[in-house]
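What follows is a set of notes on a single structure, which appears directly below.
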Amino acid sequence: MTNPLQQAEDANAELLTQRRDRWYPQVHIAARAGWINDPNGLCHFGDRYHVFFQHNPAGVVWGPMHWGHVWSRDLVHWNRAPIALAPSLPEDQDGVFSGSAVVTDDGTLAVLYTGHRVATTAGHDMVEQCQMLATSTDGMTFTKHGVVIESRGRADFRDPKVWRQDQQWHMVVAMSSPQRRGQVWHYSSDDLMHWDEGHLLFEDPDPNVYMVECPDLFRLGDKWVLLYGPMTTARPHGHVGRNGHNCGYVVGDWNGTQFTPLTDFTPMDWGHNFYAPQTMLAPDGRRLLLGWMGSFAHPLACQEDGWCGQLTVPRELRLDDDLRLHSSPIAEFSQLGRPGKDLGPITVEPGQPLTLHHGSNPVEVCLGIDLAASRAEQIGLRIHDNGSGRRTWVGYDDLSERVFVDLSTVSETSGGYRSARLTRPNNDSRDAATRTADELCLRVIIDRGSVEVFADDGRIVLSSFSFPVDSERSVALDTVSGCATLTSVRTRPLAPHWNEPDRG
């Protein structure tokens with residue numbers, strides 16, 4: 001009988017022959033071919049950073065979940081590894097679902113994941129989900145040890161995130177209660193094999209939220225942050241919850257048993273395509289994060305090209321005094337690519353766009369916008385512009401005081417407008433004459449088919465796909481209805497982050 005891992009590798013190699021690269025990412029992690037979703041098992045093990053991910057190696061849609069795998073020594077240049085986990089046991093026969101990784105005292109890498117099984121009883125399909133353990137001594141090949149927390153008889157019981165504190169292992173898991181309320185449960189263990197009965201840690205206060213996916217509880221300073229993705233029956237309202245799947249965080253106190261929220265739920269990323277983030281603690285003490293850029297709600301153009309989905313660039317997290325989460329590209333990201341250009345202070349007039357970059361290769365653009373001196377209604381970047389009017393429009397809207405990503409001209413299926421309110425001095429004043437001379441810094445990472453926007457010192461992040469038409473592309477600085485004064489304009493070409501080609 002063919003080994004399930006080899007079967008998956010063979011299917012992925014076949015799909016790779018069909019891959020087109022017009023939008024394939026150069027500075028974001030993606031599968032060689034096929035579908036990718038949640039980042040899993042983020043860890044530092046054996047002098048390497050490891051990133052696993054949910055993966056369908058044989059197709060461009062969500063399907064039987066495997067664990068794909070890449071690794072890096074510096075978080076900048078990445079190497080592909082063989083598929084790490086495949087369905088092979090009765091309890092995970094329909095999917096090796098999301099989970100996390102930890103390093104034990106004896107130097108073993110242990111991963112806790114959700115086993116997914118669909119059983120047919122009396123003509124009806126019944127979903128069973130349980131938490132399972134696998135270990136590795138080299139970070140590449142894994143031995144499965146089976147179920148460590150049994151199914152609670154519910155279809156939604158998944159996504160274990162494990163960490164160690166005070167000589168004990170802790171785990172948070174997502175669950176839907178019998179009353180269909182989204183909950184996070186906490187478990188503890190001395191050996192990763194035997195876990196206590198668990199207890200309710202957190203229930204989303206919104207009765208419309210029936211599940212909270214991919215929970216992650218971690219410490220920043222003297223507070224604790226709980227990340228999760230609320231699945232809800234509520235209709236989207238305003239600027240919040242516009243995607244098929246959304247995620248955010250609550251900040252609170254945790255005493256080892258009880259979690260006491262101190263804030264309301266706050267969206268973490270305001271773009272079109274961000275979900276299922278997972279964090280890890282780096283050896284130097286930084287809290288790092290990767291999220292999934294993709295969609296369950298609607299098809300994506302890249303599915304025509306033999307691949308679908310990517311991860312964000314690695315981000316570092318910090319918490320400010322107002323208990324707001326800041327998210328910024330890791331410092332190491334500045335090592336990727338060539339030295340950039342600084343165009344210095346400039347003024348841009350409407351109808352006189354300034355081209356900053358030609359071609360489809362990735363680039364980073366950093367803008368310093370003098371909000372007090374500028375008179376434009378909108379200031380931003382025309383990204384993936386082909387001269388026909390189809391482009392992604394990214395920037396700042398002075399009327400609404402929001403940072404935005406507008407895909408309305410570049411995509412018929414996944415377009416639309418996403419934005420986040422800027423917080424700054426005199427934010428309640430609509431009179432430019434009374435504003436302080438504050439500056440808005442926009443940092444935009446542009447790949448072949450995506451944009452990531454960072455603003456307001458990382459308090460605002462928007463991650464979105466941008467699939468331009470097949471033609472020459474450019475990035476240009478432009479304004480709407482007025483001039484824009486910029487204190488700085490910097491561009492930096494980005495080199496591909498893969499250490500080896502995908503195809504020989």
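In the structure tokens, chains take the letters A, B, ... in the order shown, each chain's residues start at 1, and ligands count up from 1 in the order shown.
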
Listing only residues of region 130-211 of chain A within 10 Å of region 215-229 of chain A, what is the closest atom pair and its distance in Å (to one decimal) for each, using only C-alpha atoms, sorted by chain and residue number ascending, as CSV?
```
residue,atom,partner,partner_atom,distance
A:Arg158,CA,A:Pro215,CA,9.4
A:Asp159,CA,A:Pro215,CA,7.1
A:Pro160,CA,A:Pro215,CA,7.6
A:Lys161,CA,A:Asp216,CA,6.0
A:Val162,CA,A:Asp216,CA,8.5
A:Trp163,CA,A:Phe218,CA,8.6
A:His170,CA,A:Leu217,CA,9.8
A:Met171,CA,A:Leu217,CA,8.8
A:Val172,CA,A:Pro215,CA,6.6
A:Val173,CA,A:Pro215,CA,6.5
A:Ala174,CA,A:Pro215,CA,6.2
A:Met175,CA,A:Pro215,CA,9.9
A:Gly182,CA,A:Gly229,CA,9.7
A:Gln183,CA,A:Pro215,CA,9.5
A:Val184,CA,A:Pro215,CA,7.0
A:Trp185,CA,A:Pro215,CA,9.4
A:His186,CA,A:Leu217,CA,9.9
A:Phe202,CA,A:Leu226,CA,9.3
A:Asp204,CA,A:Tyr228,CA,9.9
A:Val209,CA,A:Gly229,CA,9.7
A:Met211,CA,A:Gly229,CA,8.1
```

Written file, previous selection with N, CA, C and O atoms, as a PDB file, in the first residue's frame:
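New file part_20.pdb:
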```
ATOM      1  N   ARG A 158     -11.840  21.924  18.121  1.00  0.00           N
ATOM      2  CA  ARG A 158     -10.625  21.855  17.319  1.00  0.00           C
ATOM      3  C   ARG A 158      -9.638  23.001  17.635  1.00  0.00           C
ATOM      4  O   ARG A 158      -9.927  23.889  18.406  1.00  0.00           O
ATOM      5  N   ASP A 159      -8.483  22.914  16.953  1.00  0.00           N
ATOM      6  CA  ASP A 159      -7.444  23.948  16.913  1.00  0.00           C
ATOM      7  C   ASP A 159      -6.716  24.111  18.246  1.00  0.00           C
ATOM      8  O   ASP A 159      -6.698  25.199  18.839  1.00  0.00           O
ATOM      9  N   PRO A 160      -6.058  23.072  18.749  1.00  0.00           N
ATOM     10  CA  PRO A 160      -5.342  23.201  20.030  1.00  0.00           C
ATOM     11  C   PRO A 160      -4.102  24.073  19.902  1.00  0.00           C
ATOM     12  O   PRO A 160      -3.299  23.924  18.984  1.00  0.00           O
ATOM     13  N   LYS A 161      -3.939  25.006  20.831  1.00  0.00           N
ATOM     14  CA  LYS A 161      -2.715  25.818  20.942  1.00  0.00           C
ATOM     15  C   LYS A 161      -2.099  25.525  22.307  1.00  0.00           C
ATOM     16  O   LYS A 161      -2.737  25.728  23.346  1.00  0.00           O
ATOM     17  N   VAL A 162      -0.850  25.063  22.305  1.00  0.00           N
ATOM     18  CA  VAL A 162      -0.199  24.568  23.512  1.00  0.00           C
ATOM     19  C   VAL A 162       1.009  25.430  23.843  1.00  0.00           C
ATOM     20  O   VAL A 162       1.724  25.891  22.950  1.00  0.00           O
ATOM     21  N   TRP A 163       1.252  25.657  25.128  1.00  0.00           N
ATOM     22  CA  TRP A 163       2.449  26.340  25.607  1.00  0.00           C
ATOM     23  C   TRP A 163       2.786  25.828  26.996  1.00  0.00           C
ATOM     24  O   TRP A 163       1.980  25.146  27.637  1.00  0.00           O
ATOM     25  N   HIS A 170      -0.063  23.821  28.996  1.00  0.00           N
ATOM     26  CA  HIS A 170      -1.405  24.388  28.910  1.00  0.00           C
ATOM     27  C   HIS A 170      -1.882  24.337  27.466  1.00  0.00           C
ATOM     28  O   HIS A 170      -1.082  24.450  26.529  1.00  0.00           O
ATOM     29  N   MET A 171      -3.175  24.201  27.296  1.00  0.00           N
ATOM     30  CA  MET A 171      -3.772  24.136  25.969  1.00  0.00           C
ATOM     31  C   MET A 171      -5.092  24.891  25.960  1.00  0.00           C
ATOM     32  O   MET A 171      -5.888  24.785  26.902  1.00  0.00           O
ATOM     33  N   VAL A 172      -5.314  25.685  24.899  1.00  0.00           N
ATOM     34  CA  VAL A 172      -6.639  26.238  24.639  1.00  0.00           C
ATOM     35  C   VAL A 172      -7.165  25.604  23.352  1.00  0.00           C
ATOM     36  O   VAL A 172      -6.410  25.381  22.398  1.00  0.00           O
ATOM     37  N   VAL A 173      -8.469  25.307  23.363  1.00  0.00           N
ATOM     38  CA  VAL A 173      -9.123  24.646  22.236  1.00  0.00           C
ATOM     39  C   VAL A 173     -10.454  25.332  21.974  1.00  0.00           C
ATOM     40  O   VAL A 173     -11.141  25.760  22.916  1.00  0.00           O
ATOM     41  N   ALA A 174     -10.812  25.425  20.707  1.00  0.00           N
ATOM     42  CA  ALA A 174     -12.102  26.013  20.327  1.00  0.00           C
ATOM     43  C   ALA A 174     -13.205  24.964  20.410  1.00  0.00           C
ATOM     44  O   ALA A 174     -12.996  23.797  20.086  1.00  0.00           O
ATOM     45  N   MET A 175     -14.393  25.430  20.842  1.00  0.00           N
ATOM     46  CA  MET A 175     -15.520  24.518  20.979  1.00  0.00           C
ATOM     47  C   MET A 175     -16.825  25.273  20.774  1.00  0.00           C
ATOM     48  O   MET A 175     -16.923  26.471  21.069  1.00  0.00           O
ATOM     49  N   GLY A 182     -19.979  30.122  20.954  1.00  0.00           N
ATOM     50  CA  GLY A 182     -18.560  29.969  20.713  1.00  0.00           C
ATOM     51  C   GLY A 182     -17.759  30.072  21.992  1.00  0.00           C
ATOM     52  O   GLY A 182     -17.840  31.075  22.712  1.00  0.00           O
ATOM     53  N   GLN A 183     -16.978  29.044  22.283  1.00  0.00           N
ATOM     54  CA  GLN A 183     -16.247  28.977  23.547  1.00  0.00           C
ATOM     55  C   GLN A 183     -14.785  28.598  23.325  1.00  0.00           C
ATOM     56  O   GLN A 183     -14.429  27.944  22.339  1.00  0.00           O
ATOM     57  N   VAL A 184     -13.935  28.999  24.284  1.00  0.00           N
ATOM     58  CA  VAL A 184     -12.555  28.545  24.379  1.00  0.00           C
ATOM     59  C   VAL A 184     -12.415  27.760  25.674  1.00  0.00           C
ATOM     60  O   VAL A 184     -12.787  28.264  26.744  1.00  0.00           O
ATOM     61  N   TRP A 185     -11.899  26.537  25.566  1.00  0.00           N
ATOM     62  CA  TRP A 185     -11.680  25.703  26.747  1.00  0.00           C
ATOM     63  C   TRP A 185     -10.191  25.582  27.037  1.00  0.00           C
ATOM     64  O   TRP A 185      -9.362  25.640  26.126  1.00  0.00           O
ATOM     65  N   HIS A 186      -9.873  25.436  28.314  1.00  0.00           N
ATOM     66  CA  HIS A 186      -8.489  25.325  28.779  1.00  0.00           C
ATOM     67  C   HIS A 186      -8.251  23.942  29.374  1.00  0.00           C
ATOM     68  O   HIS A 186      -9.073  23.431  30.141  1.00  0.00           O
ATOM     69  N   PHE A 202     -13.400  30.981  28.214  1.00  0.00           N
ATOM     70  CA  PHE A 202     -13.964  32.196  27.635  1.00  0.00           C
ATOM     71  C   PHE A 202     -15.114  31.824  26.717  1.00  0.00           C
ATOM     72  O   PHE A 202     -15.058  30.840  25.992  1.00  0.00           O
ATOM     73  N   ASP A 204     -17.591  33.882  23.886  1.00  0.00           N
ATOM     74  CA  ASP A 204     -17.852  35.151  23.224  1.00  0.00           C
ATOM     75  C   ASP A 204     -19.204  35.694  23.698  1.00  0.00           C
ATOM     76  O   ASP A 204     -20.199  34.974  23.672  1.00  0.00           O
ATOM     77  N   VAL A 209     -22.424  34.411  17.836  1.00  0.00           N
ATOM     78  CA  VAL A 209     -21.172  33.703  17.577  1.00  0.00           C
ATOM     79  C   VAL A 209     -21.327  32.258  18.053  1.00  0.00           C
ATOM     80  O   VAL A 209     -21.467  32.008  19.243  1.00  0.00           O
ATOM     81  N   MET A 211     -19.079  29.707  17.130  1.00  0.00           N
ATOM     82  CA  MET A 211     -17.800  29.001  17.193  1.00  0.00           C
ATOM     83  C   MET A 211     -16.697  30.043  17.188  1.00  0.00           C
ATOM     84  O   MET A 211     -16.836  31.113  16.578  1.00  0.00           O
TER      85      MET A 211
END
```

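By chain and then residue number, the residues within 9 Å of Asn79 (chain A) are His69, Val70, Trp71, Ser72, His497, Trp498, Asn499 and Glu500 of chain A, counting only C-alpha atoms and disregarding those fewer than 4 positions away in sequence.
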
Report as JSON lines: every residue of region 389-419 of chain A with an atom at most 10 Å from region 367-383 of chain A, its closest pair of atoms, and their distance in Å to one decimal, counting only C-alpha atoms, with rows sorted by chain and ascending residue number.
```
{"residue": "A:Gly389", "atom": "CA", "partner": "A:Arg382", "partner_atom": "CA", "distance": 9.6}
{"residue": "A:Arg390", "atom": "CA", "partner": "A:Arg382", "partner_atom": "CA", "distance": 9.2}
{"residue": "A:Arg391", "atom": "CA", "partner": "A:Ile383", "partner_atom": "CA", "distance": 5.7}
{"residue": "A:Thr392", "atom": "CA", "partner": "A:Ile383", "partner_atom": "CA", "distance": 5.0}
{"residue": "A:Trp393", "atom": "CA", "partner": "A:Arg382", "partner_atom": "CA", "distance": 5.0}
{"residue": "A:Val394", "atom": "CA", "partner": "A:Leu381", "partner_atom": "CA", "distance": 5.2}
{"residue": "A:Gly395", "atom": "CA", "partner": "A:Gly380", "partner_atom": "CA", "distance": 3.8}
{"residue": "A:Tyr396", "atom": "CA", "partner": "A:Ile379", "partner_atom": "CA", "distance": 5.4}
{"residue": "A:Asp397", "atom": "CA", "partner": "A:Gln378", "partner_atom": "CA", "distance": 4.5}
{"residue": "A:Asp398", "atom": "CA", "partner": "A:Glu377", "partner_atom": "CA", "distance": 5.1}
{"residue": "A:Leu399", "atom": "CA", "partner": "A:Glu377", "partner_atom": "CA", "distance": 6.1}
{"residue": "A:Ser400", "atom": "CA", "partner": "A:Glu377", "partner_atom": "CA", "distance": 9.2}
{"residue": "A:Glu401", "atom": "CA", "partner": "A:Gln378", "partner_atom": "CA", "distance": 9.6}
{"residue": "A:Arg402", "atom": "CA", "partner": "A:Gln378", "partner_atom": "CA", "distance": 9.7}
{"residue": "A:Val403", "atom": "CA", "partner": "A:Gly380", "partner_atom": "CA", "distance": 9.4}
{"residue": "A:Phe404", "atom": "CA", "partner": "A:Gly380", "partner_atom": "CA", "distance": 9.1}
{"residue": "A:Val405", "atom": "CA", "partner": "A:Gly380", "partner_atom": "CA", "distance": 9.6}
{"residue": "A:Asp406", "atom": "CA", "partner": "A:Arg382", "partner_atom": "CA", "distance": 9.9}
{"residue": "A:Val410", "atom": "CA", "partner": "A:Ile383", "partner_atom": "CA", "distance": 9.9}
```

Can I get the selection written as a PDB file, in the first residue's frame, with N, CA, C and O atoms?
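Dumped to selection_14.pdb:
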```pdb
ATOM      1  N   GLY A 389      -7.222  51.664 -15.975  1.00  0.00           N
ATOM      2  CA  GLY A 389      -8.156  51.992 -14.904  1.00  0.00           C
ATOM      3  C   GLY A 389      -8.331  50.876 -13.905  1.00  0.00           C
ATOM      4  O   GLY A 389      -8.942  51.067 -12.853  1.00  0.00           O
ATOM      5  N   ARG A 390      -7.806  49.688 -14.203  1.00  0.00           N
ATOM      6  CA  ARG A 390      -7.866  48.568 -13.260  1.00  0.00           C
ATOM      7  C   ARG A 390      -6.624  48.608 -12.388  1.00  0.00           C
ATOM      8  O   ARG A 390      -5.507  48.469 -12.876  1.00  0.00           O
ATOM      9  N   ARG A 391      -6.815  48.805 -11.108  1.00  0.00           N
ATOM     10  CA  ARG A 391      -5.714  48.841 -10.161  1.00  0.00           C
ATOM     11  C   ARG A 391      -6.252  48.736  -8.760  1.00  0.00           C
ATOM     12  O   ARG A 391      -7.434  48.926  -8.506  1.00  0.00           O
ATOM     13  N   THR A 392      -5.385  48.391  -7.828  1.00  0.00           N
ATOM     14  CA  THR A 392      -5.728  48.424  -6.409  1.00  0.00           C
ATOM     15  C   THR A 392      -5.326  49.792  -5.865  1.00  0.00           C
ATOM     16  O   THR A 392      -4.205  50.242  -6.075  1.00  0.00           O
ATOM     17  N   TRP A 393      -6.252  50.434  -5.177  1.00  0.00           N
ATOM     18  CA  TRP A 393      -6.057  51.798  -4.673  1.00  0.00           C
ATOM     19  C   TRP A 393      -5.909  51.709  -3.159  1.00  0.00           C
ATOM     20  O   TRP A 393      -6.831  51.295  -2.445  1.00  0.00           O
ATOM     21  N   VAL A 394      -4.732  52.073  -2.647  1.00  0.00           N
ATOM     22  CA  VAL A 394      -4.388  51.943  -1.236  1.00  0.00           C
ATOM     23  C   VAL A 394      -3.960  53.300  -0.708  1.00  0.00           C
ATOM     24  O   VAL A 394      -3.155  53.983  -1.350  1.00  0.00           O
ATOM     25  N   GLY A 395      -4.480  53.711   0.445  1.00  0.00           N
ATOM     26  CA  GLY A 395      -4.029  54.992   0.978  1.00  0.00           C
ATOM     27  C   GLY A 395      -4.837  55.491   2.149  1.00  0.00           C
ATOM     28  O   GLY A 395      -5.383  54.705   2.941  1.00  0.00           O
ATOM     29  N   TYR A 396      -4.962  56.821   2.219  1.00  0.00           N
ATOM     30  CA  TYR A 396      -5.638  57.493   3.331  1.00  0.00           C
ATOM     31  C   TYR A 396      -6.742  58.380   2.785  1.00  0.00           C
ATOM     32  O   TYR A 396      -6.527  59.167   1.852  1.00  0.00           O
ATOM     33  N   ASP A 397      -7.946  58.256   3.367  1.00  0.00           N
ATOM     34  CA  ASP A 397      -9.102  59.070   3.004  1.00  0.00           C
ATOM     35  C   ASP A 397      -9.283  60.132   4.084  1.00  0.00           C
ATOM     36  O   ASP A 397      -9.630  59.813   5.227  1.00  0.00           O
ATOM     37  N   ASP A 398      -9.061  61.389   3.730  1.00  0.00           N
ATOM     38  CA  ASP A 398      -9.103  62.460   4.716  1.00  0.00           C
ATOM     39  C   ASP A 398     -10.526  62.803   5.145  1.00  0.00           C
ATOM     40  O   ASP A 398     -10.734  63.331   6.229  1.00  0.00           O
ATOM     41  N   LEU A 399     -11.515  62.500   4.302  1.00  0.00           N
ATOM     42  CA  LEU A 399     -12.902  62.797   4.660  1.00  0.00           C
ATOM     43  C   LEU A 399     -13.379  61.899   5.796  1.00  0.00           C
ATOM     44  O   LEU A 399     -14.037  62.350   6.733  1.00  0.00           O
ATOM     45  N   SER A 400     -13.049  60.623   5.693  1.00  0.00           N
ATOM     46  CA  SER A 400     -13.484  59.678   6.726  1.00  0.00           C
ATOM     47  C   SER A 400     -12.403  59.409   7.763  1.00  0.00           C
ATOM     48  O   SER A 400     -12.660  58.737   8.759  1.00  0.00           O
ATOM     49  N   GLU A 401     -11.181  59.926   7.509  1.00  0.00           N
ATOM     50  CA  GLU A 401     -10.024  59.705   8.371  1.00  0.00           C
ATOM     51  C   GLU A 401      -9.766  58.207   8.549  1.00  0.00           C
ATOM     52  O   GLU A 401      -9.604  57.696   9.653  1.00  0.00           O
ATOM     53  N   ARG A 402      -9.703  57.503   7.400  1.00  0.00           N
ATOM     54  CA  ARG A 402      -9.515  56.060   7.414  1.00  0.00           C
ATOM     55  C   ARG A 402      -8.418  55.662   6.427  1.00  0.00           C
ATOM     56  O   ARG A 402      -8.285  56.247   5.344  1.00  0.00           O
ATOM     57  N   VAL A 403      -7.657  54.656   6.819  1.00  0.00           N
ATOM     58  CA  VAL A 403      -6.709  54.004   5.925  1.00  0.00           C
ATOM     59  C   VAL A 403      -7.469  52.905   5.198  1.00  0.00           C
ATOM     60  O   VAL A 403      -8.248  52.161   5.809  1.00  0.00           O
ATOM     61  N   PHE A 404      -7.261  52.773   3.880  1.00  0.00           N
ATOM     62  CA  PHE A 404      -8.132  51.897   3.099  1.00  0.00           C
ATOM     63  C   PHE A 404      -7.373  51.065   2.072  1.00  0.00           C
ATOM     64  O   PHE A 404      -6.246  51.390   1.669  1.00  0.00           O
ATOM     65  N   VAL A 405      -8.023  49.982   1.645  1.00  0.00           N
ATOM     66  CA  VAL A 405      -7.660  49.205   0.469  1.00  0.00           C
ATOM     67  C   VAL A 405      -8.923  49.064  -0.372  1.00  0.00           C
ATOM     68  O   VAL A 405      -9.924  48.535   0.107  1.00  0.00           O
ATOM     69  N   ASP A 406      -8.869  49.534  -1.615  1.00  0.00           N
ATOM     70  CA  ASP A 406     -10.030  49.523  -2.503  1.00  0.00           C
ATOM     71  C   ASP A 406      -9.725  48.622  -3.691  1.00  0.00           C
ATOM     72  O   ASP A 406      -8.858  48.916  -4.512  1.00  0.00           O
ATOM     73  N   VAL A 410     -10.295  46.012  -9.536  1.00  0.00           N
ATOM     74  CA  VAL A 410      -9.357  44.952  -9.896  1.00  0.00           C
ATOM     75  C   VAL A 410      -9.976  43.566  -9.808  1.00  0.00           C
ATOM     76  O   VAL A 410      -9.450  42.612 -10.366  1.00  0.00           O
TER      77      VAL A 410
END
```

Region 204-342 of chain A: residues DSSP assigns to helix (DSSP H, G or I), reported as an MDAnalysis selection string: chainID A and resid 301:305 331:335

Using only C-alpha atoms, tabulate the residues of region 12-44 of chain A lying at most 12 Å from any atom of region 281-292 of chain A, each with its closest atom pair and that distance in Å to one decimal, by chain and increasing residue number, as a Markdown table.
```
| residue | atom | partner | partner_atom | distance |
| --- | --- | --- | --- | --- |
| A:His28 | CA | A:Leu290 | CA | 10.3 |
| A:Ile29 | CA | A:Trp292 | CA | 9.6 |
| A:Ala30 | CA | A:Trp292 | CA | 9.8 |
| A:Trp35 | CA | A:Trp292 | CA | 11.5 |
| A:Ile36 | CA | A:Trp292 | CA | 8.2 |
| A:Asn37 | CA | A:Trp292 | CA | 5.8 |
| A:Asp38 | CA | A:Trp292 | CA | 5.5 |
| A:Pro39 | CA | A:Gly291 | CA | 6.5 |
| A:Asn40 | CA | A:Leu290 | CA | 9.3 |
| A:Gly41 | CA | A:Leu290 | CA | 10.8 |
| A:Leu42 | CA | A:Leu290 | CA | 8.5 |
| A:Cys43 | CA | A:Leu281 | CA | 7.6 |
| A:His44 | CA | A:Ala282 | CA | 6.9 |
```

Nearby residues (only C-alpha atoms) at most 10 Å from region 331-344 of chain A, same-chain spacing under 3 positions excluded, as a list in words: Val27, Asp74, Leu75, Val76, His77, Val313, Pro314, Arg315, Glu316, Ser328, Leu356, Pro362, Val363, Glu364, Val365, Cys366, Gly368, Leu486, Thr487, Ser488, Val489, Arg490, Thr491, Arg492, Pro493, Leu494, Ala495, Pro496 and His497 of chain A

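Near region 447-449 of chain A, within a cut-off of 9 Å and counting only C-alpha atoms, sit the residues Asp21, Arg22, Trp23, Tyr24, Pro25, Gln26, Val27, His28, Cys302, Ser360, Asn361, Pro362, Val363, Glu364, His384, Ile445, Val451, Glu452, Ser464, Phe465, Ser466, Phe467, Pro468 and Leu494 of chain A, with same-chain residues fewer than 2 positions away left out.
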
Output the selection as an mmCIF file, in the first residue's frame - N, CA and C atoms for each residue.
```cif
data_model
loop_
_atom_site.group_PDB
_atom_site.id
_atom_site.type_symbol
_atom_site.label_atom_id
_atom_site.label_comp_id
_atom_site.auth_asym_id
_atom_site.auth_seq_id
_atom_site.Cartn_x
_atom_site.Cartn_y
_atom_site.Cartn_z
ATOM 1 N N ASP A 21 2.585 31.362 -12.683
ATOM 2 C CA ASP A 21 3.268 32.193 -11.692
ATOM 3 C C ASP A 21 2.954 33.679 -11.793
ATOM 4 N N ARG A 22 1.943 34.060 -12.555
ATOM 5 C CA ARG A 22 1.679 35.499 -12.738
ATOM 6 C C ARG A 22 1.375 36.194 -11.412
ATOM 7 N N TRP A 23 0.738 35.480 -10.451
ATOM 8 C CA TRP A 23 0.428 36.068 -9.155
ATOM 9 C C TRP A 23 1.080 35.307 -8.003
ATOM 10 N N TYR A 24 1.872 34.293 -8.338
ATOM 11 C CA TYR A 24 2.437 33.450 -7.279
ATOM 12 C C TYR A 24 3.392 34.267 -6.413
ATOM 13 N N PRO A 25 3.252 34.191 -5.084
ATOM 14 C CA PRO A 25 4.010 35.088 -4.194
ATOM 15 C C PRO A 25 5.504 34.815 -4.200
ATOM 16 N N GLN A 26 6.258 35.896 -4.092
ATOM 17 C CA GLN A 26 7.712 35.830 -4.021
ATOM 18 C C GLN A 26 8.247 36.106 -2.625
ATOM 19 N N VAL A 27 7.488 36.825 -1.798
ATOM 20 C CA VAL A 27 7.961 37.162 -0.449
ATOM 21 C C VAL A 27 6.936 36.744 0.609
ATOM 22 N N HIS A 28 6.097 35.792 0.266
ATOM 23 C CA HIS A 28 5.126 35.213 1.193
ATOM 24 C C HIS A 28 5.177 33.696 1.080
ATOM 25 N N CYS A 302 -6.529 33.027 -8.238
ATOM 26 C CA CYS A 302 -5.330 32.196 -8.293
ATOM 27 C C CYS A 302 -5.660 30.711 -8.386
ATOM 28 N N SER A 360 6.165 43.457 -12.281
ATOM 29 C CA SER A 360 5.388 42.633 -11.360
ATOM 30 C C SER A 360 6.188 42.163 -10.155
ATOM 31 N N ASN A 361 7.493 42.414 -10.131
ATOM 32 C CA ASN A 361 8.291 41.956 -8.996
ATOM 33 C C ASN A 361 7.914 42.707 -7.725
ATOM 34 N N PRO A 362 8.063 42.072 -6.576
ATOM 35 C CA PRO A 362 7.609 42.692 -5.323
ATOM 36 C C PRO A 362 8.441 43.909 -4.936
ATOM 37 N N VAL A 363 7.790 44.795 -4.190
ATOM 38 C CA VAL A 363 8.431 46.032 -3.746
ATOM 39 C C VAL A 363 7.800 46.474 -2.439
ATOM 40 N N GLU A 364 8.572 47.164 -1.624
ATOM 41 C CA GLU A 364 8.055 47.784 -0.404
ATOM 42 C C GLU A 364 8.080 49.293 -0.596
ATOM 43 N N HIS A 384 -0.430 47.755 -8.933
ATOM 44 C CA HIS A 384 -0.749 46.843 -10.042
ATOM 45 C C HIS A 384 -1.562 47.559 -11.109
ATOM 46 N N ILE A 445 3.659 46.529 1.655
ATOM 47 C CA ILE A 445 4.420 45.430 1.063
ATOM 48 C C ILE A 445 3.603 44.875 -0.098
ATOM 49 N N VAL A 451 -1.261 42.765 -1.260
ATOM 50 C CA VAL A 451 -0.748 43.940 -0.569
ATOM 51 C C VAL A 451 -0.956 43.756 0.928
ATOM 52 N N GLU A 452 0.013 44.234 1.716
ATOM 53 C CA GLU A 452 -0.133 44.328 3.164
ATOM 54 C C GLU A 452 0.195 45.757 3.550
ATOM 55 N N SER A 464 -4.694 42.108 1.898
ATOM 56 C CA SER A 464 -5.650 41.812 0.827
ATOM 57 C C SER A 464 -4.931 41.240 -0.391
ATOM 58 N N PHE A 465 -5.618 40.330 -1.078
ATOM 59 C CA PHE A 465 -5.145 39.895 -2.384
ATOM 60 C C PHE A 465 -5.420 40.994 -3.403
ATOM 61 N N SER A 466 -4.590 41.009 -4.450
ATOM 62 C CA SER A 466 -4.763 41.949 -5.550
ATOM 63 C C SER A 466 -4.296 41.238 -6.813
ATOM 64 N N PHE A 467 -5.243 40.746 -7.609
ATOM 65 C CA PHE A 467 -4.911 39.972 -8.795
ATOM 66 C C PHE A 467 -5.099 40.837 -10.040
ATOM 67 N N PRO A 468 -4.030 41.452 -10.534
ATOM 68 C CA PRO A 468 -4.160 42.338 -11.683
ATOM 69 C C PRO A 468 -4.308 41.561 -12.987
ATOM 70 N N LEU A 494 12.146 44.013 -3.580
ATOM 71 C CA LEU A 494 12.235 42.828 -2.733
ATOM 72 C C LEU A 494 12.614 41.616 -3.579
#
```

Atom-to-atom span, CA of Asp92 (chain A) and CA of Met193 (chain A), Å: 17.2 Å

Please list as an mmCIF file with C-alpha atoms, in the first residue's frame every residue within 9 Å of region 416-419 of chain A, counting only C-alpha atoms and excluding residues in the same chain fewer than 3 positions away.
```cif
data_model
loop_
_atom_site.group_PDB
_atom_site.id
_atom_site.type_symbol
_atom_site.label_atom_id
_atom_site.label_comp_id
_atom_site.auth_asym_id
_atom_site.auth_seq_id
_atom_site.Cartn_x
_atom_site.Cartn_y
_atom_site.Cartn_z
ATOM 1 C CA HIS A 239 -16.770 48.382 8.655
ATOM 2 C CA ARG A 242 -17.213 42.189 6.233
ATOM 3 C CA TRP A 270 -9.041 45.164 8.485
ATOM 4 C CA GLY A 271 -8.204 43.842 5.021
ATOM 5 C CA HIS A 272 -10.066 41.455 2.718
ATOM 6 C CA ARG A 402 -9.515 56.060 7.414
ATOM 7 C CA VAL A 403 -6.709 54.004 5.925
ATOM 8 C CA PHE A 404 -8.132 51.897 3.099
ATOM 9 C CA VAL A 405 -7.660 49.205 0.469
ATOM 10 C CA ASP A 406 -10.030 49.523 -2.503
ATOM 11 C CA LEU A 407 -10.269 46.521 -4.865
ATOM 12 C CA SER A 408 -13.394 47.645 -6.688
ATOM 13 C CA THR A 409 -11.695 47.937 -10.092
ATOM 14 C CA SER A 411 -11.694 42.084 -8.953
ATOM 15 C CA GLU A 412 -15.281 41.196 -9.695
ATOM 16 C CA THR A 413 -15.514 38.381 -7.143
ATOM 17 C CA LEU A 462 -4.910 45.588 6.114
#
```
